[in-house]
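J.: What follows is the file model12.txt, containing compact mmCIF, C-alpha atoms and all ligand atoms:
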```txt
# COMPACT_ATOMS: atom_id res chain seq x y z
CA MET A 22 0.00 0.00 0.00
CA ALA A 23 1.33 3.44 -0.90
CA VAL A 24 2.34 5.58 2.05
CA VAL A 25 0.47 8.89 1.92
CA GLU A 26 2.54 11.82 3.09
CA ARG A 27 0.36 13.73 5.54
CA LEU A 28 2.70 16.40 6.85
CA PRO A 29 3.05 19.39 4.54
CA LYS A 30 6.39 19.54 2.79
CA ILE A 31 8.12 22.49 1.20
CA LYS A 32 10.27 21.59 -1.82
CA PRO A 33 12.18 23.49 -4.49
CA PHE A 34 10.01 24.18 -7.54
CA ASN A 35 10.72 22.25 -10.71
CA TRP A 36 8.97 22.78 -13.99
CA ARG A 37 8.16 19.13 -14.82
CA ASP A 38 6.40 18.26 -11.57
CA HIS A 39 4.92 21.61 -10.57
CA GLY A 40 4.74 23.88 -13.61
CA SER A 41 1.18 23.37 -14.81
CA ARG A 42 -0.34 23.56 -11.31
CA VAL A 43 1.58 26.73 -10.49
CA LEU A 44 0.34 28.28 -13.74
CA GLN A 45 -3.24 27.47 -12.69
CA PHE A 46 -2.63 29.32 -9.39
CA GLN A 47 -1.98 32.52 -11.35
CA TYR A 48 -5.63 32.97 -12.36
CA GLU A 49 -6.53 33.81 -8.77
CA VAL A 50 -3.33 35.68 -7.98
CA TYR A 51 -3.63 38.06 -10.92
CA GLU A 52 -7.40 38.36 -11.36
CA ARG A 53 -7.87 39.00 -7.65
CA ASN A 54 -5.03 41.47 -7.24
CA PHE A 55 -5.54 43.36 -10.50
CA PRO A 56 -9.32 43.88 -10.77
CA GLY A 57 -10.46 43.80 -14.40
CA PHE A 58 -7.37 41.90 -15.57
CA ARG A 59 -8.00 38.56 -17.27
CA VAL A 60 -5.39 35.82 -17.39
CA THR A 61 -5.03 34.69 -21.01
CA GLN A 62 -3.06 31.94 -22.73
CA ALA A 63 -0.54 34.58 -23.82
CA PHE A 64 -0.10 35.69 -20.21
CA LEU A 65 0.43 32.08 -19.10
CA ALA A 66 2.97 31.50 -21.87
CA ASP A 67 4.88 34.57 -20.72
CA TYR A 68 4.66 33.49 -17.09
CA GLU A 69 5.95 30.04 -18.05
CA ARG A 70 8.95 31.63 -19.78
CA GLN A 71 9.70 33.68 -16.68
CA LEU A 72 9.43 30.64 -14.40
CA ARG A 73 11.74 28.61 -16.61
CA GLN A 74 14.32 31.41 -16.60
CA ALA A 75 14.01 31.88 -12.84
CA ILE A 76 14.82 28.22 -12.12
CA ARG A 77 18.24 28.72 -13.70
CA ASN A 78 18.96 31.99 -11.89
CA PRO A 79 20.72 31.67 -8.50
CA PHE A 80 19.18 35.00 -7.45
CA GLU A 81 15.66 33.65 -7.79
CA GLY A 82 14.16 31.18 -5.31
CA LEU A 83 11.00 29.16 -5.93
CA TRP A 84 9.35 26.60 -3.66
CA VAL A 85 6.11 24.65 -3.54
CA LEU A 86 4.19 23.23 -0.63
CA GLU A 87 2.70 19.75 -0.83
CA GLU A 88 0.03 18.39 1.47
CA GLU A 89 -0.99 14.74 1.22
CA GLY A 90 0.71 14.53 -2.15
CA ALA A 91 -1.17 17.52 -3.60
CA LEU A 92 0.53 20.75 -4.57
CA VAL A 93 -1.24 23.47 -2.55
CA GLY A 94 1.24 26.33 -2.19
CA PHE A 95 3.86 28.32 -4.05
CA VAL A 96 6.29 31.11 -3.27
CA TRP A 97 8.68 32.94 -5.58
CA ALA A 98 11.33 35.33 -4.29
CA ALA A 99 14.28 37.16 -5.82
CA ILE A 100 17.35 39.05 -4.72
CA MET A 101 17.42 42.52 -6.22
CA ALA A 102 19.86 45.40 -6.25
CA THR A 103 18.42 48.90 -6.24
CA LEU A 104 19.99 52.35 -6.05
CA VAL A 105 19.40 52.37 -2.29
CA ASP A 106 19.61 48.66 -1.42
CA GLU A 107 22.63 46.67 -2.41
CA ARG A 108 20.74 43.42 -1.68
CA LEU A 109 17.02 43.42 -1.23
CA GLY A 110 14.94 40.28 -0.87
CA TYR A 111 11.72 40.63 -2.85
CA VAL A 112 8.71 38.31 -2.61
CA LYS A 113 7.26 38.14 -6.12
CA ASN A 114 4.42 35.73 -5.53
CA VAL A 115 2.90 33.77 -2.67
CA TYR A 116 -0.12 31.52 -3.01
CA THR A 117 -1.95 28.82 -1.10
CA ALA A 118 -4.88 26.88 -2.59
CA PRO A 119 -8.29 27.61 -1.03
CA VAL A 120 -8.45 24.15 0.65
CA ALA A 121 -5.14 24.79 2.39
CA ARG A 122 -5.73 28.30 3.71
CA GLY A 123 -5.79 29.34 7.36
CA LYS A 124 -3.32 26.63 8.39
CA GLY A 125 -0.22 28.77 8.56
CA TYR A 126 1.09 27.59 5.16
CA GLY A 127 1.30 31.11 3.73
CA ALA A 128 3.45 32.10 6.70
CA ARG A 129 5.61 28.99 6.29
CA LEU A 130 6.24 29.71 2.62
CA LEU A 131 7.24 33.27 3.44
CA ALA A 132 9.59 32.03 6.16
CA VAL A 133 11.35 29.69 3.71
CA ALA A 134 11.83 32.56 1.26
CA GLU A 135 13.16 34.80 4.05
CA ASP A 136 15.65 32.14 5.25
CA TRP A 137 16.97 31.94 1.70
CA MET A 138 17.25 35.77 1.51
CA ARG A 139 19.18 35.78 4.80
CA SER A 140 21.52 33.08 3.54
CA LEU A 141 22.34 35.37 0.59
CA GLY A 142 23.04 38.35 2.84
CA CYS A 143 19.81 40.36 2.46
CA PRO A 144 19.16 42.57 5.49
CA ARG A 145 15.60 43.33 4.37
CA ALA A 146 12.65 41.75 2.58
CA ALA A 147 9.99 43.63 0.62
CA LEU A 148 6.83 42.89 -1.34
CA ASP A 149 3.92 44.63 -3.05
CA VAL A 150 0.33 43.94 -2.16
CA THR A 151 -2.94 45.23 -3.55
CA ALA A 152 -4.51 47.58 -1.01
CA GLU A 153 -7.85 45.69 -1.10
CA ASN A 154 -6.26 42.28 -0.46
CA GLU A 155 -6.87 42.23 3.29
CA THR A 156 -6.17 38.51 3.67
CA ALA A 157 -2.72 38.90 2.21
CA MET A 158 -2.05 42.09 4.19
CA ALA A 159 -2.99 40.33 7.43
CA LEU A 160 -0.53 37.55 6.61
CA TYR A 161 2.25 40.01 5.84
CA ARG A 162 1.61 42.07 8.96
CA ARG A 163 1.64 38.97 11.11
CA SER A 164 4.88 37.92 9.44
CA GLY A 165 6.47 41.26 10.41
CA TYR A 166 6.05 43.36 7.24
CA ARG A 167 5.22 47.04 7.68
CA ILE A 168 4.09 49.69 5.17
CA LYS A 169 7.10 51.78 4.14
CA ARG A 170 5.89 53.44 0.96
CA TYR A 171 2.58 53.99 -0.80
CA ARG A 172 2.14 53.56 -4.54
CA MET A 173 -0.46 55.97 -5.93
CA GLU A 174 -2.27 55.44 -9.22
CA LYS A 175 -4.64 57.48 -11.32
CA GLU A 176 -6.84 56.50 -14.27
CA LEU A 177 -5.85 58.59 -17.30
CA THR A 178 -8.77 59.66 -19.45
CA GLY A 179 -8.68 60.17 -23.22
CA VAL A 180 -6.41 57.24 -24.07
CA GLU A 181 -7.26 55.34 -27.28
CA GLU A 182 -8.32 51.71 -26.90
CA ASP A 183 -5.04 50.25 -28.26
CA GLY A 184 -3.09 52.98 -26.48
CA LEU A 185 -0.18 52.92 -28.96
CA LEU A 186 1.68 56.05 -29.97
C1 LIG A 201 -2.83 35.41 1.02
C2 LIG A 201 -2.66 33.92 1.18
C3 LIG A 201 -1.30 33.50 0.58
C4 LIG A 201 -2.70 33.54 2.66
O1 LIG A 201 -2.37 32.16 2.76
P1 LIG A 201 -2.75 31.25 4.07
O2 LIG A 201 -2.11 29.93 3.81
O3 LIG A 201 -4.21 31.26 4.31
O4 LIG A 201 -1.98 32.04 5.22
P2 LIG A 201 -1.87 31.62 6.74
O5 LIG A 201 -2.64 30.36 7.00
O6 LIG A 201 -0.42 31.62 7.09
O7 LIG A 201 -2.60 32.82 7.45
C5 LIG A 201 -3.98 33.06 7.20
C6 LIG A 201 -4.82 32.99 8.46
O8 LIG A 201 -4.76 31.72 9.05
C7 LIG A 201 -4.51 31.84 10.46
N1 LIG A 201 -3.64 30.73 10.87
C8 LIG A 201 -2.33 30.67 10.74
N2 LIG A 201 -1.87 29.49 11.23
C9 LIG A 201 -2.93 28.81 11.63
C10 LIG A 201 -3.12 27.54 12.19
N3 LIG A 201 -2.09 26.73 12.43
N4 LIG A 201 -4.39 27.14 12.48
C11 LIG A 201 -5.43 27.95 12.25
N5 LIG A 201 -5.31 29.18 11.70
C12 LIG A 201 -4.08 29.60 11.41
C13 LIG A 201 -3.77 33.12 10.59
O9 LIG A 201 -3.98 33.68 11.88
C14 LIG A 201 -4.37 33.96 9.52
O10 LIG A 201 -5.53 34.62 9.99
P3 LIG A 201 -5.67 36.19 9.85
O11 LIG A 201 -5.63 36.50 8.37
O12 LIG A 201 -6.99 36.46 10.48
O13 LIG A 201 -4.50 36.79 10.57
C15 LIG A 201 -3.81 33.15 0.46
O14 LIG A 201 -5.05 33.62 0.94
C16 LIG A 201 -3.80 33.27 -1.04
O15 LIG A 201 -3.09 32.53 -1.71
N6 LIG A 201 -4.59 34.21 -1.64
C17 LIG A 201 -4.74 34.35 -3.07
C18 LIG A 201 -3.47 34.79 -3.75
C19 LIG A 201 -2.97 36.11 -3.22
O16 LIG A 201 -3.71 37.08 -3.16
N7 LIG A 201 -1.68 36.13 -2.87
C20 LIG A 201 -1.04 37.32 -2.36
C21 LIG A 201 -0.53 38.15 -3.49
S1 LIG A 201 0.12 39.68 -2.90
```
How does this structure look as structure tokens?

T.:
Amino acid sequence: MAVVERLPKIKPFNWRDHGSRVLQFQYEVYERNFPGFRVTQAFLADYERQLRQAIRNPFEGLWVLEEEGALVGFVWAAIMATLVDERLGYVKNVYTAPVARGKGYGARLLAVAEDWMRSLGCPRAALDVTAENETAMALYRRSGYRIKRYRMEKELTGVEEDGLL
């Protein structure tokens, strides 16, 4: 009889075993966080290209979380250099499947990404979150993140549909 793994496990992401499921996660991530945006096949193809590149980049870290053999979580982080931060850890994406929420898995995925950032000498971690995404903000606050900057946006009127110059 096959032994079913009950404890959740965090593993490095690989395209063959995890790629298609992680792409499916992006519908909720992007459509929820960017109201009005629709995930298309072209978007997924682009995302796939970025994932495949990230796997080969030592400054990108990607992990999945498995529970009872099912892939239910994903986190993607990167080490960035900016004009004011020589090494900044940046969380690009964190996701847990609806069935696996509220069990501390989001916090565990963040902690794995942060350990990796520390191991590469990052004194600070950052992320962006949509202001209306209260669930995600609660997770980040509980994990120690604080608001340091606001990003302000404005709808520009009078732009043609295709918007090209
Ligand atoms: C945001 C998101 C990653 C949170 O994931 P999660 O796995 O539910 O996160 P956690 O379980 O660590 O924390 C969520 C809640 O569970 C509670 N919790 C944590 N550990 C728990 C445990 N062992 N038992 C019971 N509840 C627990 C936390 O207190 C928290 O509650 P709060 O929000 O009231 O503070 C998830 O909702 C998600 O993937 N959303 C869609 C994608 C998205 O928007 N991602 C963020 C992009 S910026």

J.: Please determine, counting only C-alpha atoms and all ligand atoms, which residue among A:Ala118, A:Ile168, A:Val133, A:Leu65 has the shortest atom-to-atom distance to ligand LIG 201 (chain A).

T.: A:Ala118

J.: List as a list in words the protein and nucleic acid residues near Gly125 in chain A, meaning an atom at most 12 Å away when all atoms listed in the file are counted, but skip any in the same chain fewer than 6 places from it.

T.: Pro29, Leu86, Gly94, Tyr116, Thr117, Leu131, Ala132, Ala159, Leu160, Tyr161, Arg163 and Ser164 of chain A

J.: Do a neighbour search on Arg145 in chain A at 7 Å with all atoms listed in the file, toss out local chain neighbours closer than 2 positions, and write the hits as a PyMOL selection string.

T.: chain A and resi 109-110+143+147

J.: Which residues are near ligand LIG 201 (chain A) in this structure, taking near to mean any atom at most 7 Å from a ligand atom and counting only C-alpha atoms and all ligand atoms? Format them as a list in words.

T.: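 Here is the list of contacting residues: Glu49, Val50, Arg53, Asn54, Asn114, Val115, Tyr116, Thr117, Ala118, Ala121, Arg122, Gly123, Lys124, Gly125, Tyr126, Gly127, Ala128, Arg129, Asp149, Val150, Thr151, Asn154, Thr156, Ala157, Ala159, Leu160 and Arg163 of chain A.
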
J.: Counting all atoms listed in the file, which residue out of A:Ala99, A:Leu72, A:Met158, A:Ala152 sits closest to Arg172 in chain A?

T.: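 Among the listed residues, the smallest separation from Arg172 in chain A belongs to A:Ala152.
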
J.: Hey, which of A:Asp106, A:Asp67, A:Glu89, A:Glu135 ends up closest to Tyr166 in chain A? Count all atoms listed in the file.

T.: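 The answer is A:Glu135, which sits nearest to Tyr166 in chain A.
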
J.: Give me the residues near Ile100 in chain A as a list in words, where near means some atom within 10 Å (using all atoms listed in the file) and where sequence neighbours in that chain fewer than 5 positions away do not count.

T.: Pro79, Phe80, Glu81, Gly82, Glu107, Arg108, Leu109, Gly110, Tyr111, Val112, Trp137, Met138, Leu141, Gly142, Cys143 and Ala146 of chain A
